[in-house]
Amino acid sequence: MSVIAPKFRLGYLVKGITDNIFWIIVLLTLIGIPAVQIVLIYIDFPVIDGEIWNPFRVFDAMTHPERALPLVKNFMQTDLFKVVAFPGFGFAALIAAAVIFVERKMLAKLQLRVGPFYCGKVEGILQLMADGLKLISKEIIIPAKADKPLFWAVPVLFAATAGAFVALIPVAPGWVVADIDLGLLAVFAVIGFFPIITILAGWASNSKFPFIGGIRALYQMVSFEIPLILSLLGIVMLTGTLNLSEIVESQVNFPWIIFMPIGAIVFFICILAELERIPFDLPEAESEIVAGWLTELSGMMYGLVQLGSYLKLYAFAALFVVLFLGGWNGPWVYPIEPMAEIITDGIVIMPDALVIKDIPGLPLFPQEMINGTIWFILKTAAVIFFILLPRGVFPRVRIDLLLKIGWYKLIVLAFINIFIALALVYGGIIGPGGIM
Amino acid sequence: MVGETVAGYSNVLFMFGFAVLALAPALVISRMISPRTKSNPVKFLPMECGQVPSGAGRTHFMMQYYAYILMFVIFDVMAIFLYAWGSTLLDLPKEATLPILAFLGIMFAAMAFALYQTKRKNIW
């Protein structure tokens with residue numbers, strides 16, 4: 001037997017409905033009308049083929065793919081698309097998610113376990129989604145006497161700084177969020193923020209283990225920053241530019257790893273240290289100082305820091321590819337010309353109702369961009385594999401050995417790399433008079 | 001010209017801002033849907049492996065890297081100076097490399113001496 005809820009009164013119902021209507025009107029007035037005004041008055045409409053597009057034409061174009069195509073192509077050249085989707089955040093977050101899954105599965109295979117298995121039927125492919133749901137539904141506990149604004153800001157700052165690092169990476173010819181002349185120096189500047197955020201997290205949480213972890217992160221940065229910077233000097237000497245896109249274009253014939261293997265090895269070891277991965281994961285050494293600087297972060301805060309650290313992993317691997325492995329350069333694996341029937345006949349979207357023919361400029365992306373992206377992703381996946389591998393193989397180094405590796409060995413090797421580059425230039429092998 | 005340069009850098013900030021806008025709601029949503037159980041005396045204490053924490057959280061730790069910090073300050077600046085030279089190397093005359101080699105030699109000798117001293121004084 002069902003009854004109306006015992007506390008039901010018509011007056012309450014009417015009050016609820018009028019309240020909702022009131023709030024909808026208030027929100028529309030305060031947000032909707034200014035938004036419409038901004039769109040109509042301040043935003044520059046795209047100019048395609050010499051015509052200005054207004055909102056009416058945009059809505060009109062949405063009704064038919066043929067008319068919407070120029071708009072879509074125009075949108076994909078804007079900064080917004082680059083930041084949100086392709087070379088920027090969406091692309092990097094997708095790769096980061098894939099890396100998290102591959103790492104757990106690969107590590108399990110290395111240690112003769114199964115790893116994630118049940119979630120999502122096929123080899124636990126939905127495990128990441130389950131973990132995300134778990135993290136977002138957990139309570140965030142902030143330790144007593146913590147510096148609350150800083151403590152809340154740390155996970156967001158960490159992930160956003162990793163995002164700013166991703167912005168500097170060129171993925172395909174012309175496809176980079178921030179194509180700046182001093183790209184490599186900007187990379188060093190962004191890298192320098194990570195230890196600061198780490199030690200902020202340690203300080204803000206008012207707890208001893210995070211503080212020790214933050215201090216260790218600073219320690220590690222101090223001993224590995226200089227070899228990291230010096231190991232890339234050889235490439236800058238041979239290419240004469242700091243722009244990352246131009247560095248990639250200089251490797252059409254040979255990737256720089258052929259001429260400077262020592263620099264590549266030094267840079268790779270520094271990557272491992274900067275990423276706080278296993279041989280050098282002293283700041284979050286889980287068997288020594290609980291979880292290091294992550295100890296007090298709970299729930300979604302921890303999730304955001306993990307996302308940030310995997311974005312950082314992608315960015316460093318991509319930087320290695322850009323600098324040493326030739327970025328997007330590679331033989332054609334994708335058809336050089338788009339398929340003829342796409343240009344002449346168009347594509348069939350809805351088989352019965354709608355056949356679109358003769359759409360000008362239908363291949364949305366140029367062929368060389370797709371080919372370049374394929375090579376870039378393949379090389380990045382290979383580098384990420386070699387970054388993940390030590391986690392299943394090596395133990396953690398002691399902190400004094402870490403210092404010795406950084407100060408006594410890597411800096412000397414980086415200097416040797418500089419002199420190799422000098423010899424290549426003045427020996428006439430590379431540069432004016434030599435190849436390239 | 002200046003505007004174009006600044007616009008290139010502003011994209012980095014744009015990406016930073018977008019990441020903040022995209023990720024901060026995760027914390028807000030988590031705060032909204034997660035349970036808020038009642039507080040008890042030990043819930044908000046800092047983690048200290050099950051013990052009630054003793055002393056202040058932000059205390060002093062002996063890390064003893066003062067000598068390395070001093071060296072870092074010097075050699076980090078040196079490394080960035082080398083970039084100013086290295087990025088224009090192909091345009092410079094060959095004689096211009098000799099002063100840089102002398103500079104490198106002086107810095108390298110200084111670093112070797114400093115590392116020798118840290119080892120002799122047994123600072124790590």
# chains A, B, ... in the order shown; residues from 1 in each chain; ligands from 1
$ interface_residues --of "chain B" --to "chain A" --cutoff "8 Å" --atoms "only C-alpha atoms" --output "PyMOL selection string"
chain B and resi 5+8-20+23-24+26-27+29-31+33-36+44-49+56-59+61+63+65+68-69+72+75-76+79-80+82-83+86-90+115+124
$ write_last_selection --atoms "N, CA and C atoms" --output "short mmCIF file (atom, residue, chain, number, x, y, z; two decimals), in the first residue's frame"
data_model
loop_
_atom_site.label_atom_id
_atom_site.label_comp_id
_atom_site.auth_asym_id
_atom_site.auth_seq_id
_atom_site.Cartn_x
_atom_site.Cartn_y
_atom_site.Cartn_z
N THR B 5 55.64 37.19 -29.54
CA THR B 5 56.43 36.41 -28.59
C THR B 5 55.62 36.13 -27.33
N GLY B 8 52.93 33.51 -27.74
CA GLY B 8 53.43 32.14 -27.67
C GLY B 8 53.50 31.66 -26.23
N TYR B 9 54.04 32.53 -25.36
CA TYR B 9 54.14 32.11 -23.96
C TYR B 9 52.78 32.05 -23.29
N SER B 10 51.85 32.92 -23.74
CA SER B 10 50.56 32.93 -23.07
C SER B 10 49.84 31.61 -23.26
N ASN B 11 50.18 30.87 -24.35
CA ASN B 11 49.54 29.57 -24.52
C ASN B 11 49.90 28.61 -23.40
N VAL B 12 51.13 28.74 -22.87
CA VAL B 12 51.51 27.88 -21.74
C VAL B 12 50.62 28.19 -20.55
N LEU B 13 50.42 29.51 -20.30
CA LEU B 13 49.55 29.90 -19.19
C LEU B 13 48.11 29.45 -19.45
N PHE B 14 47.69 29.53 -20.72
CA PHE B 14 46.35 29.11 -21.11
C PHE B 14 46.15 27.63 -20.75
N MET B 15 47.15 26.84 -21.09
CA MET B 15 47.10 25.40 -20.77
C MET B 15 47.04 25.18 -19.26
N PHE B 16 47.88 25.96 -18.53
CA PHE B 16 47.88 25.87 -17.06
C PHE B 16 46.48 26.19 -16.52
N GLY B 17 45.91 27.29 -17.02
CA GLY B 17 44.60 27.70 -16.55
C GLY B 17 43.53 26.68 -16.89
N PHE B 18 43.62 26.11 -18.10
CA PHE B 18 42.62 25.11 -18.48
C PHE B 18 42.72 23.89 -17.57
N ALA B 19 43.98 23.49 -17.27
CA ALA B 19 44.14 22.33 -16.39
C ALA B 19 43.55 22.61 -15.02
N VAL B 20 43.76 23.82 -14.50
CA VAL B 20 43.18 24.16 -13.20
C VAL B 20 41.66 24.10 -13.28
N LEU B 23 40.48 20.45 -13.51
CA LEU B 23 40.77 19.50 -12.43
C LEU B 23 40.23 19.94 -11.08
N ALA B 24 40.10 21.26 -10.86
CA ALA B 24 39.59 21.71 -9.56
C ALA B 24 38.17 21.20 -9.29
N ALA B 26 37.06 18.38 -9.84
CA ALA B 26 37.14 17.02 -9.29
C ALA B 26 37.19 17.07 -7.77
N LEU B 27 37.96 18.02 -7.23
CA LEU B 27 38.03 18.14 -5.77
C LEU B 27 36.68 18.59 -5.21
N ILE B 29 33.63 18.21 -6.53
CA ILE B 29 32.64 17.13 -6.63
C ILE B 29 32.92 16.08 -5.57
N SER B 30 34.21 15.76 -5.38
CA SER B 30 34.56 14.78 -4.37
C SER B 30 34.10 15.23 -3.00
N ARG B 31 34.29 16.53 -2.71
CA ARG B 31 33.86 17.07 -1.43
C ARG B 31 32.35 16.99 -1.28
N ILE B 33 30.15 14.73 -2.85
CA ILE B 33 29.51 13.41 -2.81
C ILE B 33 30.13 12.49 -1.78
N SER B 34 31.26 12.86 -1.20
CA SER B 34 31.89 11.92 -0.27
C SER B 34 31.23 12.02 1.10
N PRO B 35 31.25 10.93 1.86
CA PRO B 35 30.67 10.97 3.20
C PRO B 35 31.52 11.84 4.12
N ARG B 36 30.85 12.51 5.06
CA ARG B 36 31.58 13.30 6.05
C ARG B 36 31.27 12.70 7.40
N PHE B 44 41.94 13.64 12.70
CA PHE B 44 42.65 14.66 11.94
C PHE B 44 44.12 14.79 12.35
N LEU B 45 44.59 13.84 13.17
CA LEU B 45 46.00 13.93 13.55
C LEU B 45 46.89 13.56 12.37
N PRO B 46 48.07 14.15 12.28
CA PRO B 46 48.98 13.76 11.20
C PRO B 46 49.40 12.31 11.34
N MET B 47 49.69 11.71 10.18
CA MET B 47 50.09 10.30 10.14
C MET B 47 51.44 10.10 10.82
N GLU B 48 51.46 9.25 11.82
CA GLU B 48 52.75 8.89 12.39
C GLU B 48 52.75 7.40 12.74
N CYS B 49 52.35 6.58 11.78
CA CYS B 49 52.39 5.13 11.90
C CYS B 49 51.60 4.63 13.10
N ALA B 56 56.05 19.20 17.22
CA ALA B 56 55.45 19.94 16.12
C ALA B 56 55.69 19.21 14.80
N GLY B 57 54.81 19.51 13.83
CA GLY B 57 54.97 18.85 12.53
C GLY B 57 56.11 19.45 11.73
N ARG B 58 56.25 20.77 11.83
CA ARG B 58 57.29 21.43 11.03
C ARG B 58 58.51 21.65 11.89
N THR B 59 59.27 20.59 12.06
CA THR B 59 60.48 20.70 12.88
C THR B 59 61.71 20.76 11.97
N PHE B 61 65.09 19.19 10.38
CA PHE B 61 65.73 17.92 10.09
C PHE B 61 67.15 18.19 9.61
N MET B 63 69.69 17.66 7.17
CA MET B 63 69.88 17.06 5.86
C MET B 63 71.27 17.31 5.32
N TYR B 65 72.90 19.42 3.30
CA TYR B 65 73.34 19.60 1.93
C TYR B 65 73.71 21.04 1.63
N TYR B 68 76.30 21.34 -1.06
CA TYR B 68 75.77 21.04 -2.40
C TYR B 68 74.88 22.17 -2.91
N ILE B 69 74.11 22.79 -1.98
CA ILE B 69 73.26 23.91 -2.41
C ILE B 69 74.11 25.05 -2.94
N PHE B 72 75.23 24.12 -6.25
CA PHE B 72 74.11 24.15 -7.20
C PHE B 72 73.86 25.56 -7.70
N PHE B 75 76.65 26.38 -10.24
CA PHE B 75 76.74 25.63 -11.50
C PHE B 75 75.44 25.67 -12.29
N ASP B 76 74.32 25.92 -11.63
CA ASP B 76 73.08 26.09 -12.39
C ASP B 76 73.17 27.34 -13.26
N ALA B 79 75.41 26.62 -16.14
CA ALA B 79 74.79 25.81 -17.19
C ALA B 79 73.93 26.68 -18.09
N ILE B 80 73.19 27.63 -17.51
CA ILE B 80 72.34 28.48 -18.34
C ILE B 80 73.19 29.44 -19.18
N LEU B 82 76.02 28.70 -20.40
CA LEU B 82 76.53 27.89 -21.51
C LEU B 82 75.50 27.80 -22.64
N TYR B 83 74.22 27.87 -22.29
CA TYR B 83 73.21 27.83 -23.36
C TYR B 83 73.28 29.07 -24.24
N GLY B 86 76.06 28.14 -26.45
CA GLY B 86 75.84 26.97 -27.30
C GLY B 86 74.84 27.22 -28.41
N SER B 87 73.81 28.05 -28.14
CA SER B 87 72.79 28.23 -29.17
C SER B 87 73.28 29.10 -30.31
N THR B 88 74.39 29.84 -30.12
CA THR B 88 74.92 30.65 -31.21
C THR B 88 76.25 30.11 -31.71
N LEU B 89 76.59 28.88 -31.34
CA LEU B 89 77.93 28.37 -31.65
C LEU B 89 78.21 28.36 -33.14
N LEU B 90 77.20 27.99 -33.96
CA LEU B 90 77.44 27.84 -35.40
C LEU B 90 77.72 29.18 -36.07
N LEU B 115 84.14 19.12 -4.68
CA LEU B 115 83.74 17.74 -4.41
C LEU B 115 84.80 17.03 -3.58
N TRP B 124 78.56 13.85 3.96
CA TRP B 124 77.95 12.81 3.13
C TRP B 124 78.99 12.19 2.25
#
$ residues_around --residues "Trp85 of chain B" --least-positions-apart "5" --cutoff "9 Å" --atoms "only C-alpha atoms" --output "list in words"
Met237 of chain A; Leu92, Thr97 and Ile100 of chain B
$ write_last_selection --atoms "N, CA and C atoms" --output "PDB file, in the first residue's frame"
ATOM      1  N   MET A 237      73.940  23.001 -29.332  1.00  0.00           N
ATOM      2  CA  MET A 237      75.123  23.436 -30.073  1.00  0.00           C
ATOM      3  C   MET A 237      75.051  22.991 -31.522  1.00  0.00           C
TER       4      MET A 237
ATOM      5  N   LEU B  92      79.418  31.728 -34.503  1.00  0.00           N
ATOM      6  CA  LEU B  92      80.584  32.378 -33.913  1.00  0.00           C
ATOM      7  C   LEU B  92      81.844  31.967 -34.650  1.00  0.00           C
ATOM      8  N   THR B  97      85.634  30.157 -29.182  1.00  0.00           N
ATOM      9  CA  THR B  97      85.445  28.992 -28.327  1.00  0.00           C
ATOM     10  C   THR B  97      86.514  28.909 -27.240  1.00  0.00           C
ATOM     11  N   ILE B 100      85.645  30.249 -23.837  1.00  0.00           N
ATOM     12  CA  ILE B 100      84.650  29.374 -23.209  1.00  0.00           C
ATOM     13  C   ILE B 100      85.320  28.113 -22.664  1.00  0.00           C
TER      14      ILE B 100
END
$ select_by_dssp --residues "segment 169-407 of chain A" --states "strand (DSSP E or B)" --output "VMD selection string"
chain A and resid 172 175 348 to 350 354 to 355
$ select_by_dssp --residues "segment 253-342 of chain A" --states "helix (DSSP H, G or I)" --output "ChimeraX atom specification"
/A:261-274,278-280,282-284,292-294,300-324,340-342
